[in-house]
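Colleague: Supplied structure: query35.pdb, PDB, C-alpha atoms.
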```pdb
MODEL        1
ATOM      1  CA  MET A   1     -88.590  20.736  33.733
ATOM      2  CA  ALA A   2     -88.062  18.310  36.604
ATOM      3  CA  ALA A   3     -86.074  15.207  35.791
ATOM      4  CA  SER A   4     -89.070  13.025  36.587
ATOM      5  CA  GLU A   5     -91.141  14.491  33.749
ATOM      6  CA  SER A   6     -91.152  13.763  30.063
ATOM      7  CA  PRO A   7     -93.062  15.839  27.496
ATOM      8  CA  CYS A   8     -95.828  13.934  25.721
ATOM      9  CA  PHE A   9     -96.033  13.835  21.950
ATOM     10  CA  GLU A  10     -99.465  15.469  21.655
ATOM     11  CA  GLU A  11     -98.436  18.560  23.629
ATOM     12  CA  ILE A  12     -95.265  19.345  21.692
ATOM     13  CA  GLU A  13     -95.769  22.131  19.157
ATOM     14  CA  ILE A  14     -93.723  22.660  16.027
ATOM     15  CA  GLY A  15     -91.716  25.851  16.400
ATOM     16  CA  THR A  16     -91.344  25.463  20.161
ATOM     17  CA  THR A  17     -87.932  26.423  21.477
ATOM     18  CA  LEU A  18     -86.504  24.402  24.362
ATOM     19  CA  PRO A  19     -85.158  26.299  27.387
ATOM     20  CA  ARG A  20     -81.531  27.131  26.562
ATOM     21  CA  LEU A  21     -78.696  25.444  28.446
ATOM     22  CA  GLU A  22     -75.956  27.840  29.566
ATOM     23  CA  LYS A  23     -72.374  26.603  29.983
ATOM     24  CA  GLY A  24     -69.353  28.653  30.949
ATOM     25  CA  PRO A  25     -67.642  31.038  30.884
ATOM     26  CA  PHE A  26     -64.910  28.536  30.048
ATOM     27  CA  THR A  27     -61.515  28.878  31.689
ATOM     28  CA  THR A  28     -58.341  26.984  30.805
ATOM     29  CA  ALA A  29     -59.056  24.876  33.920
ATOM     30  CA  HIS A  30     -62.378  23.717  32.440
ATOM     31  CA  LEU A  31     -60.599  22.614  29.269
ATOM     32  CA  MET A  32     -57.781  20.916  31.194
ATOM     33  CA  ARG A  33     -60.339  19.051  33.306
ATOM     34  CA  TRP A  34     -62.053  17.737  30.175
ATOM     35  CA  SER A  35     -58.775  16.843  28.445
ATOM     36  CA  ALA A  36     -57.715  14.919  31.550
ATOM     37  CA  ALA A  37     -61.085  13.153  31.908
ATOM     38  CA  MET A  38     -60.837  11.834  28.347
ATOM     39  CA  GLU A  39     -57.009  11.561  28.254
ATOM     40  CA  ASN A  40     -56.700  13.670  25.119
ATOM     41  CA  TRP A  41     -53.469  15.686  25.123
ATOM     42  CA  HIS A  42     -54.061  17.793  22.015
ATOM     43  CA  ARG A  43     -52.101  20.972  22.767
ATOM     44  CA  ILE A  44     -54.612  23.346  21.134
ATOM     45  CA  HIS A  45     -56.732  23.066  24.291
ATOM     46  CA  TYR A  46     -54.085  24.011  26.906
ATOM     47  CA  ASP A  47     -50.758  25.082  25.346
ATOM     48  CA  GLN A  48     -51.249  28.717  24.377
ATOM     49  CA  PRO A  49     -47.785  29.418  22.835
ATOM     50  CA  PHE A  50     -48.087  26.294  20.650
ATOM     51  CA  THR A  51     -51.675  27.134  19.705
ATOM     52  CA  LEU A  52     -50.888  30.713  18.654
ATOM     53  CA  ALA A  53     -47.400  30.376  17.137
ATOM     54  CA  HIS A  54     -47.407  26.849  15.731
ATOM     55  CA  GLU A  55     -51.061  26.178  14.857
ATOM     56  CA  LYS A  56     -51.796  29.869  14.027
ATOM     57  CA  LEU A  57     -55.092  29.693  15.910
ATOM     58  CA  PRO A  58     -56.520  32.785  17.648
ATOM     59  CA  GLY A  59     -56.596  31.195  21.114
ATOM     60  CA  LEU A  60     -57.131  28.006  23.082
ATOM     61  CA  LEU A  61     -60.091  26.114  21.617
ATOM     62  CA  ILE A  62     -63.046  24.719  23.567
ATOM     63  CA  ASN A  63     -63.012  21.032  22.555
ATOM     64  CA  GLY A  64     -65.624  19.968  20.019
ATOM     65  CA  SER A  65     -65.794  16.744  22.009
ATOM     66  CA  LEU A  66     -66.907  18.812  25.012
ATOM     67  CA  LYS A  67     -69.436  20.938  23.104
ATOM     68  CA  GLN A  68     -71.215  17.845  21.757
ATOM     69  CA  GLN A  69     -71.872  16.717  25.336
ATOM     70  CA  PHE A  70     -73.889  19.862  26.015
ATOM     71  CA  VAL A  71     -76.161  19.319  23.004
ATOM     72  CA  VAL A  72     -76.957  15.805  24.201
ATOM     73  CA  GLN A  73     -77.478  17.050  27.769
ATOM     74  CA  LEU A  74     -80.048  19.643  26.699
ATOM     75  CA  LEU A  75     -82.017  17.088  24.675
ATOM     76  CA  LYS A  76     -81.719  14.316  27.258
ATOM     77  CA  ASP A  77     -82.930  16.513  30.116
ATOM     78  CA  TRP A  78     -85.858  17.666  27.975
ATOM     79  CA  ALA A  79     -86.769  14.121  26.896
ATOM     80  CA  GLY A  80     -86.819  13.073  30.562
ATOM     81  CA  PRO A  81     -86.639   9.541  31.916
ATOM     82  CA  ASN A  82     -89.489   8.259  29.723
ATOM     83  CA  GLY A  83     -88.113   9.667  26.471
ATOM     84  CA  TRP A  84     -84.947   8.880  24.525
ATOM     85  CA  VAL A  85     -82.514  10.908  22.444
ATOM     86  CA  TRP A  86     -82.157   8.757  19.339
ATOM     87  CA  LYS A  87     -80.098  10.775  16.848
ATOM     88  CA  VAL A  88     -77.921  13.843  17.053
ATOM     89  CA  SER A  89     -75.819  15.297  14.254
ATOM     90  CA  PHE A  90     -73.832  18.516  14.179
ATOM     91  CA  GLN A  91     -71.015  20.235  12.374
ATOM     92  CA  PHE A  92     -68.267  22.200  14.059
ATOM     93  CA  ARG A  93     -68.456  25.307  11.865
ATOM     94  CA  ALA A  94     -66.818  27.924  14.065
ATOM     95  CA  MET A  95     -64.246  27.869  16.819
ATOM     96  CA  ASN A  96     -65.134  28.689  20.415
ATOM     97  CA  LEU A  97     -62.303  30.119  22.474
ATOM     98  CA  VAL A  98     -61.440  30.055  26.136
ATOM     99  CA  GLY A  99     -63.295  32.845  27.965
ATOM    100  CA  GLU A 100     -66.546  32.386  26.032
ATOM    101  CA  THR A 101     -69.930  31.453  27.472
ATOM    102  CA  LEU A 102     -71.992  29.033  25.374
ATOM    103  CA  TRP A 103     -75.753  28.675  25.046
ATOM    104  CA  VAL A 104     -77.101  25.425  23.666
ATOM    105  CA  TRP A 105     -80.466  25.699  21.926
ATOM    106  CA  ALA A 106     -82.983  23.448  20.198
ATOM    107  CA  ARG A 107     -86.188  24.130  18.252
ATOM    108  CA  VAL A 108     -88.875  21.645  17.258
ATOM    109  CA  THR A 109     -89.153  21.414  13.463
ATOM    110  CA  GLY A 110     -91.356  18.362  13.007
ATOM    111  CA  LYS A 111     -93.332  15.517  14.580
ATOM    112  CA  ARG A 112     -94.001  11.997  13.331
ATOM    113  CA  PRO A 113     -95.787   9.036  14.865
ATOM    114  CA  GLY A 114     -93.590   6.046  15.620
ATOM    115  CA  PRO A 115     -94.293   2.500  16.863
ATOM    116  CA  GLY A 116     -95.665   3.033  20.391
ATOM    117  CA  TYR A 117     -93.940   6.392  20.745
ATOM    118  CA  GLY A 118     -93.692   9.694  18.888
ATOM    119  CA  LEU A 119     -90.659  11.140  17.126
ATOM    120  CA  VAL A 120     -89.752  14.806  17.368
ATOM    121  CA  ASP A 121     -87.278  16.420  14.966
ATOM    122  CA  LEU A 122     -85.308  19.432  16.114
ATOM    123  CA  ASP A 123     -82.753  21.911  14.887
ATOM    124  CA  ILE A 124     -79.959  22.369  17.389
ATOM    125  CA  GLY A 125     -76.958  24.598  17.866
ATOM    126  CA  ILE A 126     -74.593  26.434  20.161
ATOM    127  CA  VAL A 127     -74.238  30.230  20.202
ATOM    128  CA  ASN A 128     -71.589  32.163  22.096
ATOM    129  CA  ASP A 129     -71.805  35.522  23.862
ATOM    130  CA  LYS A 130     -71.188  37.286  20.525
ATOM    131  CA  GLY A 131     -74.214  35.531  19.028
ATOM    132  CA  ILE A 132     -72.100  33.406  16.677
ATOM    133  CA  GLU A 133     -73.446  29.951  15.866
ATOM    134  CA  SER A 134     -70.695  27.328  16.046
ATOM    135  CA  THR A 135     -72.373  23.922  16.078
ATOM    136  CA  PRO A 136     -75.470  23.732  13.857
ATOM    137  CA  GLY A 137     -77.165  20.383  13.600
ATOM    138  CA  LYS A 138     -80.264  18.244  13.844
ATOM    139  CA  ALA A 139     -81.682  15.776  16.314
ATOM    140  CA  THR A 140     -84.491  13.264  16.655
ATOM    141  CA  VAL A 141     -85.947  12.542  20.082
ATOM    142  CA  ALA A 142     -88.467   9.816  20.933
ATOM    143  CA  VAL A 143     -91.194  10.754  23.431
ATOM    144  CA  PRO A 144     -94.189   8.889  24.887
ATOM    145  CA  TYR A 145     -97.770   9.411  23.734
ATOM    146  CA  ARG A 146    -100.167  10.995  26.208
ATOM    147  CA  GLY A 147    -100.997   8.345  28.802
ATOM    148  CA  GLY A 148     -98.822   5.894  26.861
ATOM    149  CA  LYS A 149     -95.909   3.726  27.861
ATOM    150  CA  PRO A 150     -92.381   5.093  28.230
ATOM    151  CA  VAL A 151     -90.230   4.895  25.127
ATOM    152  CA  PRO A 152     -88.739   1.373  25.197
ATOM    153  CA  TYR A 153     -85.322   0.964  26.771
ATOM    154  CA  PRO A 154     -83.077  -0.166  25.191
ATOM    155  CA  PHE A 155     -84.340   1.972  22.343
ATOM    156  CA  VAL A 156     -85.971   0.163  19.439
ATOM    157  CA  PRO A 157     -85.861   2.376  16.335
ATOM    158  CA  PRO A 158     -88.870   2.573  13.999
ATOM    159  CA  GLY A 159     -88.952  -0.094  11.320
ATOM    160  CA  ILE A 160     -87.464  -2.766  13.570
ATOM    161  CA  ASN A 161     -89.744  -5.238  15.347
ATOM    162  CA  ALA A 162     -89.352  -5.239  19.098
ATOM    163  CA  PRO A 163     -87.695  -8.453  20.341
TER     164      PRO A 163
ATOM    165  CA  MET B 164     -54.175  21.999  -6.290
ATOM    166  CA  SER B 165     -54.885  18.635  -4.711
ATOM    167  CA  ILE B 166     -53.653  17.783  -1.226
ATOM    168  CA  LEU B 167     -55.152  14.279  -1.261
ATOM    169  CA  PRO B 168     -52.574  11.677  -2.381
ATOM    170  CA  GLU B 169     -53.952   8.670  -4.298
ATOM    171  CA  ALA B 170     -52.346   6.392  -1.706
ATOM    172  CA  ALA B 171     -54.616   7.827   1.001
ATOM    173  CA  LYS B 172     -57.753   6.636  -0.783
ATOM    174  CA  GLN B 173     -56.677   3.011  -0.312
ATOM    175  CA  TYR B 174     -57.595   3.344   3.357
ATOM    176  CA  VAL B 175     -61.320   3.577   2.525
ATOM    177  CA  GLY B 176     -63.081   0.431   3.715
ATOM    178  CA  MET B 177     -60.317  -0.523   6.137
ATOM    179  CA  LYS B 178     -61.840  -1.896   9.318
ATOM    180  CA  SER B 179     -60.480  -2.260  12.835
ATOM    181  CA  GLU B 180     -60.821  -5.314  15.011
ATOM    182  CA  GLN B 181     -63.621  -5.286  17.569
ATOM    183  CA  GLU B 182     -61.409  -4.005  20.372
ATOM    184  CA  PRO B 183     -62.187  -3.581  24.058
ATOM    185  CA  GLY B 184     -61.725  -0.366  26.039
ATOM    186  CA  CYS B 185     -58.755  -0.279  28.444
ATOM    187  CA  GLU B 186     -61.043  -0.853  31.416
ATOM    188  CA  PRO B 187     -64.721  -1.569  32.023
ATOM    189  CA  VAL B 188     -66.889   1.474  32.847
ATOM    190  CA  GLU B 189     -65.393   2.696  36.123
ATOM    191  CA  ARG B 190     -67.314   4.691  38.718
ATOM    192  CA  GLY B 191     -64.384   7.087  39.217
ATOM    193  CA  ALA B 192     -63.915   7.634  35.493
ATOM    194  CA  VAL B 193     -67.642   8.343  35.187
ATOM    195  CA  ARG B 194     -67.472  10.866  38.039
ATOM    196  CA  ARG B 195     -64.529  12.740  36.490
ATOM    197  CA  TYR B 196     -66.246  12.729  33.105
ATOM    198  CA  ALA B 197     -69.625  13.878  34.465
ATOM    199  CA  GLN B 198     -67.967  16.675  36.440
ATOM    200  CA  ALA B 199     -65.923  17.740  33.396
ATOM    201  CA  ILE B 200     -69.062  18.004  31.237
ATOM    202  CA  MET B 201     -70.881  19.684  34.149
ATOM    203  CA  ASP B 202     -73.775  17.216  34.150
ATOM    204  CA  GLU B 203     -73.931  15.563  37.569
ATOM    205  CA  ASN B 204     -77.135  13.671  36.890
ATOM    206  CA  PRO B 205     -77.979  11.105  39.620
ATOM    207  CA  VAL B 206     -78.301   8.332  37.009
ATOM    208  CA  TYR B 207     -74.498   8.501  36.667
ATOM    209  CA  SER B 208     -73.927   7.610  40.321
ATOM    210  CA  GLU B 209     -77.038   6.223  42.009
ATOM    211  CA  PRO B 210     -78.384   2.794  41.011
ATOM    212  CA  ASP B 211     -81.868   3.682  42.298
ATOM    213  CA  ALA B 212     -82.081   6.780  40.108
ATOM    214  CA  ALA B 213     -81.083   4.650  37.115
ATOM    215  CA  ALA B 214     -83.314   1.647  37.830
ATOM    216  CA  ARG B 215     -84.901   1.974  34.367
ATOM    217  CA  TYR B 216     -81.446   1.346  32.871
ATOM    218  CA  GLY B 217     -80.599  -1.578  35.156
ATOM    219  CA  GLY B 218     -78.195   0.372  37.377
ATOM    220  CA  ALA B 219     -75.961   3.444  37.369
ATOM    221  CA  VAL B 220     -74.816   4.352  33.857
ATOM    222  CA  ALA B 221     -72.181   6.460  32.138
ATOM    223  CA  PRO B 222     -73.126   9.650  30.253
ATOM    224  CA  PRO B 223     -74.432   8.999  26.722
ATOM    225  CA  ILE B 224     -71.210   9.680  24.780
ATOM    226  CA  PHE B 225     -68.879   8.154  27.403
ATOM    227  CA  PRO B 226     -68.380   4.857  25.495
ATOM    228  CA  MET B 227     -66.789   6.782  22.621
ATOM    229  CA  HIS B 228     -64.031   7.994  24.947
ATOM    230  CA  MET B 229     -63.067   4.639  26.483
ATOM    231  CA  PHE B 230     -60.441   3.776  23.890
ATOM    232  CA  ARG B 231     -57.271   5.180  25.370
ATOM    233  CA  ARG B 232     -53.670   3.993  25.378
ATOM    234  CA  PRO B 233     -53.466   0.449  26.778
ATOM    235  CA  PHE B 234     -50.844  -0.552  29.347
ATOM    236  CA  GLY B 235     -47.504  -1.481  27.825
ATOM    237  CA  THR B 236     -47.910   0.404  24.528
ATOM    238  CA  PRO B 237     -45.500   3.157  23.379
ATOM    239  CA  ASP B 238     -45.966   6.515  25.120
ATOM    240  CA  PRO B 239     -46.427   9.213  22.453
ATOM    241  CA  LEU B 240     -45.668  12.049  24.906
ATOM    242  CA  GLN B 241     -42.277  10.568  25.786
ATOM    243  CA  GLU B 242     -41.552   9.581  22.189
ATOM    244  CA  HIS B 243     -42.116  13.172  21.054
ATOM    245  CA  ALA B 244     -40.764  14.954  24.116
ATOM    246  CA  ARG B 245     -38.021  16.651  22.049
ATOM    247  CA  ASP B 246     -40.244  17.395  19.024
ATOM    248  CA  PRO B 247     -41.462  21.017  19.140
ATOM    249  CA  ASP B 248     -43.925  20.262  16.318
ATOM    250  CA  PHE B 249     -45.730  17.494  18.231
ATOM    251  CA  ASP B 250     -49.389  18.470  18.636
ATOM    252  CA  GLY B 251     -50.002  16.116  21.567
ATOM    253  CA  LEU B 252     -52.167  13.638  19.665
ATOM    254  CA  GLY B 253     -51.112  10.001  19.704
ATOM    255  CA  ALA B 254     -52.104   7.509  17.039
ATOM    256  CA  PRO B 255     -55.823   6.741  17.151
ATOM    257  CA  ARG B 256     -56.872   3.345  18.520
ATOM    258  CA  GLY B 257     -57.974   0.641  16.180
ATOM    259  CA  LEU B 258     -57.721   2.036  12.676
ATOM    260  CA  PRO B 259     -54.276   2.471  11.114
ATOM    261  CA  GLU B 260     -53.086   6.046  10.805
ATOM    262  CA  ILE B 261     -53.483   7.364   7.240
ATOM    263  CA  GLU B 262     -49.759   7.674   6.523
ATOM    264  CA  PRO B 263     -50.070   9.857   3.376
ATOM    265  CA  LEU B 264     -51.972  12.487   5.440
ATOM    266  CA  LYS B 265     -49.513  12.471   8.342
ATOM    267  CA  GLY B 266     -48.228  16.010   7.718
ATOM    268  CA  LEU B 267     -51.713  17.568   7.788
ATOM    269  CA  SER B 268     -53.302  19.020  10.908
ATOM    270  CA  LEU B 269     -56.496  17.478  12.247
ATOM    271  CA  LEU B 270     -59.698  19.249  13.260
ATOM    272  CA  ASN B 271     -62.953  17.721  14.479
ATOM    273  CA  GLY B 272     -65.518  18.470  11.746
ATOM    274  CA  GLY B 273     -68.597  17.047  13.421
ATOM    275  CA  SER B 274     -70.487  13.831  14.025
ATOM    276  CA  GLU B 275     -73.725  11.933  13.626
ATOM    277  CA  ILE B 276     -74.485   9.802  16.661
ATOM    278  CA  GLU B 277     -77.304   7.297  17.229
ATOM    279  CA  PHE B 278     -77.987   6.111  20.769
ATOM    280  CA  TYR B 279     -79.514   2.735  21.651
ATOM    281  CA  ARG B 280     -78.546   2.098  25.260
ATOM    282  CA  TYR B 281     -76.290   3.394  28.020
ATOM    283  CA  ALA B 282     -73.125   1.655  29.204
ATOM    284  CA  ARG B 283     -73.631   0.593  32.820
ATOM    285  CA  HIS B 284     -70.992   0.814  35.519
ATOM    286  CA  GLY B 285     -68.840  -2.323  35.366
ATOM    287  CA  GLU B 286     -69.676  -3.158  31.755
ATOM    288  CA  THR B 287     -66.994  -3.664  29.138
ATOM    289  CA  VAL B 288     -67.356  -1.764  25.876
ATOM    290  CA  THR B 289     -65.971  -2.682  22.468
ATOM    291  CA  GLN B 290     -65.414  -0.479  19.453
ATOM    292  CA  GLN B 291     -65.210  -1.363  15.795
ATOM    293  CA  SER B 292     -64.460   1.342  13.221
ATOM    294  CA  ARG B 293     -63.964   1.704   9.503
ATOM    295  CA  TYR B 294     -62.863   4.455   7.165
ATOM    296  CA  ALA B 295     -66.127   5.147   5.331
ATOM    297  CA  SER B 296     -64.799   7.814   2.948
ATOM    298  CA  ILE B 297     -61.779  10.033   2.295
ATOM    299  CA  THR B 298     -62.546  12.952  -0.013
ATOM    300  CA  GLU B 299     -61.165  16.346  -0.899
ATOM    301  CA  LYS B 300     -63.161  19.559  -0.827
ATOM    302  CA  GLN B 301     -62.228  23.010  -2.084
ATOM    303  CA  THR B 302     -63.034  25.799   0.363
ATOM    304  CA  SER B 303     -62.529  29.555   0.317
ATOM    305  CA  LYS B 304     -59.480  28.940   2.528
ATOM    306  CA  GLY B 305     -58.018  26.262   0.242
ATOM    307  CA  PRO B 306     -58.371  22.519  -0.119
ATOM    308  CA  ILE B 307     -59.285  20.281   2.828
ATOM    309  CA  VAL B 308     -59.533  16.515   3.185
ATOM    310  CA  LEU B 309     -62.607  15.032   4.861
ATOM    311  CA  VAL B 310     -62.095  11.662   6.534
ATOM    312  CA  VAL B 311     -65.308   9.952   7.640
ATOM    313  CA  ILE B 312     -65.009   7.212  10.271
ATOM    314  CA  GLU B 313     -67.965   4.969  11.139
ATOM    315  CA  SER B 314     -67.911   3.205  14.494
ATOM    316  CA  GLU B 315     -70.107   0.880  16.490
ATOM    317  CA  TYR B 316     -69.911   0.520  20.254
ATOM    318  CA  ARG B 317     -71.242  -2.586  21.987
ATOM    319  CA  ASN B 318     -71.364  -3.888  25.536
ATOM    320  CA  GLY B 319     -69.845  -7.157  26.724
ATOM    321  CA  ASP B 320     -72.937  -9.057  25.588
ATOM    322  CA  GLY B 321     -72.556  -7.649  22.086
ATOM    323  CA  GLU B 322     -75.575  -5.361  22.474
ATOM    324  CA  LEU B 323     -75.441  -2.156  20.450
ATOM    325  CA  LEU B 324     -74.892   1.027  22.494
ATOM    326  CA  ILE B 325     -73.996   3.671  19.921
ATOM    327  CA  LYS B 326     -73.453   4.116  16.201
ATOM    328  CA  ALA B 327     -71.304   7.087  15.237
ATOM    329  CA  ARG B 328     -70.148   8.713  12.033
ATOM    330  CA  ARG B 329     -67.303  11.179  12.664
ATOM    331  CA  THR B 330     -65.782  13.644  10.225
ATOM    332  CA  HIS B 331     -62.132  14.646  10.590
ATOM    333  CA  ILE B 332     -60.920  17.693   8.677
ATOM    334  CA  ARG B 333     -57.297  17.428   7.536
ATOM    335  CA  ARG B 334     -55.495  20.372   5.967
TER     336      ARG B 334
ENDMDL
END
```
Could you write out this file's structure as structure tokens?
Modeller:
Amino acid sequence: MAASESPCFEEIEIGTTLPRLEKGPFTTAHLMRWSAAMENWHRIHYDQPFTLAHEKLPGLLINGSLKQQFVVQLLKDWAGPNGWVWKVSFQFRAMNLVGETLWVWARVTGKRPGPGYGLVDLDIGIVNDKGIESTPGKATVAVPYRGGKPVPYPFVPPGINAP
Amino acid sequence: MSILPEAAKQYVGMKSEQEPGCEPVERGAVRRYAQAIMDENPVYSEPDAAARYGGAVAPPIFPMHMFRRPFGTPDPLQEHARDPDFDGLGAPRGLPEIEPLKGLSLLNGGSEIEFYRYARHGETVTQQSRYASITEKQTSKGPIVLVVIESEYRNGDGELLIKARRTHIRR
């Protein structure tokens, strides 16, 4: 979907799967770049001897803080400029190691009308090239009604009167 | 067997000050961040593309990563340069470290994040956090401690950007 488009509430069907977002394969350089960008020097993302021998982990870990970005990116690009990603929650259930490719997915599980916009509930997650789910979670995205106004920015959640 | 000392539970409810990030949202920091997450969306660099947001913005989760080590504070890398057990993590900003859990490793268990607005280039961001709960859970691999931290991020005008609820796994 082009960045200029947003899906409208009426056209979204429960059970629809969003186009998956592919990231990777991840090298140690990718992880170092992220660690440097956020100034987080946790050794389990770049120091292999420490990670294996001291932390007893199977390899260098792809940062959870990096994986969460991809979930938000998928939803944000789908919501488009007239929608808004309101809530995202996820658990880091499995490790992802350097060398893996990740696919971020989302599936529509419900729809509810909101004040001037619609709310779409989704299941989300990240699977690797072995098909293992590492980051299951849920999200709620606000989208415009057909022919309606964009979702207000800044976002005004349901139940709160617009200023 | 319990790995959660009673003394650790006293940290529940402890709140940080409303503290500012080291710098306002910087264009260069945004570029490095956007390239690291491999999302070079024009709204992160071009004011025209981000007109709806009042100017170029930082990626959605960026405000949560603005709380780094301020100038003039102790350098954890140098302090631990001769400690082979040092995992590279410094003390977190804002909240006091939970001393009774100091010997346990830390893993990121997950988060719930609510978004209200983006941080624009040039804006300051503040963070205020509290320990919402500290509980023990038995798992097939032994006991773990779950530390839940709630945080709010606001811009310089006090407007809410993000609410987050993070879970740290200690074991």
Colleague: Can you work out the spacing between CA of Leu21 (chain A) and CA of Ala36 (chain A) in Å, to one decimal?
Modeller: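 Result for CA of Leu21 (chain A) versus CA of Ala36 (chain A): 23.7 Å, one decimal.
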Colleague: Translate the PyMOL selection byres ((chain B and resi 273-284) around 9) into a concrete residue list for this structure, as a ChimeraX atom specification.
Modeller: /A:64,68,84-93,135,153-157 /B:187-190,193,207-208,216-226,271-272,285-288,317-318,322-331
Colleague: Using all atoms listed in the file, pick whichever of A:Gly148, A:Gly99, A:Pro115, A:Pro49 has the shortest atom-to-atom distance to chain B.
Modeller: A:Pro49
Colleague: List the neighbours of Leu66 (chain A) out to 9 Å using all atoms listed in the file; skip same-chain residues closer than 5 positions along the sequence, and give me the result as a short mmCIF file (atom, residue, chain, number, x, y, z; two decimals) with C-alpha atoms, keeping the file's coordinate frame.
Modeller:
```
data_model
loop_
_atom_site.label_atom_id
_atom_site.label_comp_id
_atom_site.auth_asym_id
_atom_site.auth_seq_id
_atom_site.Cartn_x
_atom_site.Cartn_y
_atom_site.Cartn_z
CA LEU A 31 -60.60 22.61 29.27
CA TRP A 34 -62.05 17.74 30.18
CA ALA B 199 -65.92 17.74 33.40
CA ILE B 200 -69.06 18.00 31.24
#
```
Colleague: At a cut-off of 9 Å, using all atoms listed in the file, what residues contact region 111-113 of chain A? Leave out same-chain residues fewer than 3 positions from it and give the result as an mmCIF file with C-alpha atoms, in the frame of the given file.
Modeller:
```
data_model
loop_
_atom_site.group_PDB
_atom_site.id
_atom_site.type_symbol
_atom_site.label_atom_id
_atom_site.label_comp_id
_atom_site.auth_asym_id
_atom_site.auth_seq_id
_atom_site.Cartn_x
_atom_site.Cartn_y
_atom_site.Cartn_z
ATOM 1 C CA PHE A 9 -96.033 13.835 21.950
ATOM 2 C CA ILE A 12 -95.265 19.345 21.692
ATOM 3 C CA GLU A 13 -95.769 22.131 19.157
ATOM 4 C CA ILE A 14 -93.723 22.660 16.027
ATOM 5 C CA VAL A 108 -88.875 21.645 17.258
ATOM 6 C CA GLY A 116 -95.665 3.033 20.391
ATOM 7 C CA TYR A 117 -93.940 6.392 20.745
ATOM 8 C CA GLY A 118 -93.692 9.694 18.888
ATOM 9 C CA LEU A 119 -90.659 11.140 17.126
ATOM 10 C CA VAL A 120 -89.752 14.806 17.368
ATOM 11 C CA ASP A 121 -87.278 16.420 14.966
#
```
Colleague: For CA of Ile261 (chain B) and CA of Thr289 (chain B), quote the distance in Å rounded to one decimal.
Modeller: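 Separation of CA of Ile261 (chain B) and CA of Thr289 (chain B): 22.1 Å.
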Colleague: Rank A:Ile132, A:Pro81, A:Gly147, A:Ile62 by their smallest atom-to-atom distance to Lys23 (chain A), using only C-alpha atoms, and report the top residue only.
Modeller: A:Ile62
Colleague: For the structure provided, state which residues fall under the PyMOL selection byres ((chain A and resi 133) around 12), and present them as a list of chain:residue names.
Modeller: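 When the PyMOL selection byres ((chain A and resi 133) around 12) is applied, the selected residues are A:Phe90, A:Gln91, A:Phe92, A:Arg93, A:Ala94, A:Met95, A:Asn96, A:Leu102, A:Trp103, A:Val104, A:Trp105, A:Ile124, A:Gly125, A:Ile126, A:Val127, A:Asn128, A:Asp129, A:Lys130, A:Gly131, A:Ile132, A:Ser134, A:Thr135, A:Pro136, A:Gly137.
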Colleague: So how many Å separate CA of Pro58 (chain A) and CA of Pro306 (chain B), to one decimal?
Modeller: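 CA of Pro306 (chain B) lies 20.6 Å from CA of Pro58 (chain A).
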Colleague: Rank B:Pro168, B:Gly257, B:Gly266, B:Gly251 by their smallest atom-to-atom distance to Gln181 (chain B), using only C-alpha atoms, and report the top residue only.
Modeller: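 Of all the options, B:Gly257 lies closest to Gln181 (chain B).
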Colleague: Would you translate the PyMOL selection byres ((chain A and resi 37) around 9) into the concrete set of residues it matches in this file, as a PDB file with C-alpha atoms, keeping the file's coordinate frame?
Modeller:
```pdb
ATOM      1  CA  MET A  32     -57.781  20.916  31.194  1.00  0.00           C
ATOM      2  CA  ARG A  33     -60.339  19.051  33.306  1.00  0.00           C
ATOM      3  CA  TRP A  34     -62.053  17.737  30.175  1.00  0.00           C
ATOM      4  CA  SER A  35     -58.775  16.843  28.445  1.00  0.00           C
ATOM      5  CA  ALA A  36     -57.715  14.919  31.550  1.00  0.00           C
ATOM      6  CA  MET A  38     -60.837  11.834  28.347  1.00  0.00           C
ATOM      7  CA  GLU A  39     -57.009  11.561  28.254  1.00  0.00           C
ATOM      8  CA  ASN A  40     -56.700  13.670  25.119  1.00  0.00           C
TER       9      ASN A  40
ATOM     10  CA  ALA B 192     -63.915   7.634  35.493  1.00  0.00           C
ATOM     11  CA  VAL B 193     -67.642   8.343  35.187  1.00  0.00           C
ATOM     12  CA  ARG B 195     -64.529  12.740  36.490  1.00  0.00           C
ATOM     13  CA  TYR B 196     -66.246  12.729  33.105  1.00  0.00           C
ATOM     14  CA  ALA B 197     -69.625  13.878  34.465  1.00  0.00           C
ATOM     15  CA  GLN B 198     -67.967  16.675  36.440  1.00  0.00           C
ATOM     16  CA  ALA B 199     -65.923  17.740  33.396  1.00  0.00           C
TER      17      ALA B 199
END
```
Colleague: Which of these, B:Val310, B:Ala244, B:Met177, B:Met201, has the shortest distance to chain A once you count all atoms listed in the file?
Modeller: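 Counting all atoms listed in the file, the residue closest to chain A is B:Met201.
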Colleague: Using only C-alpha atoms, pick whichever of B:Thr298, B:Gln173, B:Thr236, B:Gln291 has the shortest atom-to-atom distance to Pro263 (chain B).
Modeller: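 Nearest candidate to Pro263 (chain B) out of B:Thr298, B:Gln173, B:Thr236, B:Gln291: B:Gln173.
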Colleague: Every residue with an atom at most 10 Å from (-85.8, 28.2, 27.1) (file coordinates; all atoms listed in the file) is what I'm after, so could you write them as a PyMOL selection string?
Modeller: chain A and resi 16-21+104-107
Colleague: For Gly59 (chain A), which residue among A:Ala79, A:Val98, A:Trp41, A:Gly159 is the nearest when counting all atoms listed in the file?
Modeller: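 With all atoms listed in the file as the atom set, the closest residue is A:Val98.
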Colleague: So for region 35-39 of chain A, what box centre and size do we get, axis-aligned, 3 Å extra on each of the six sides, every listed atom, Å to one decimal, as JSON?
Modeller:
```
{"center_x": -59.0, "center_y": 14.2, "center_z": 30.1, "size_x": 10.1, "size_y": 11.3, "size_z": 9.7}
```
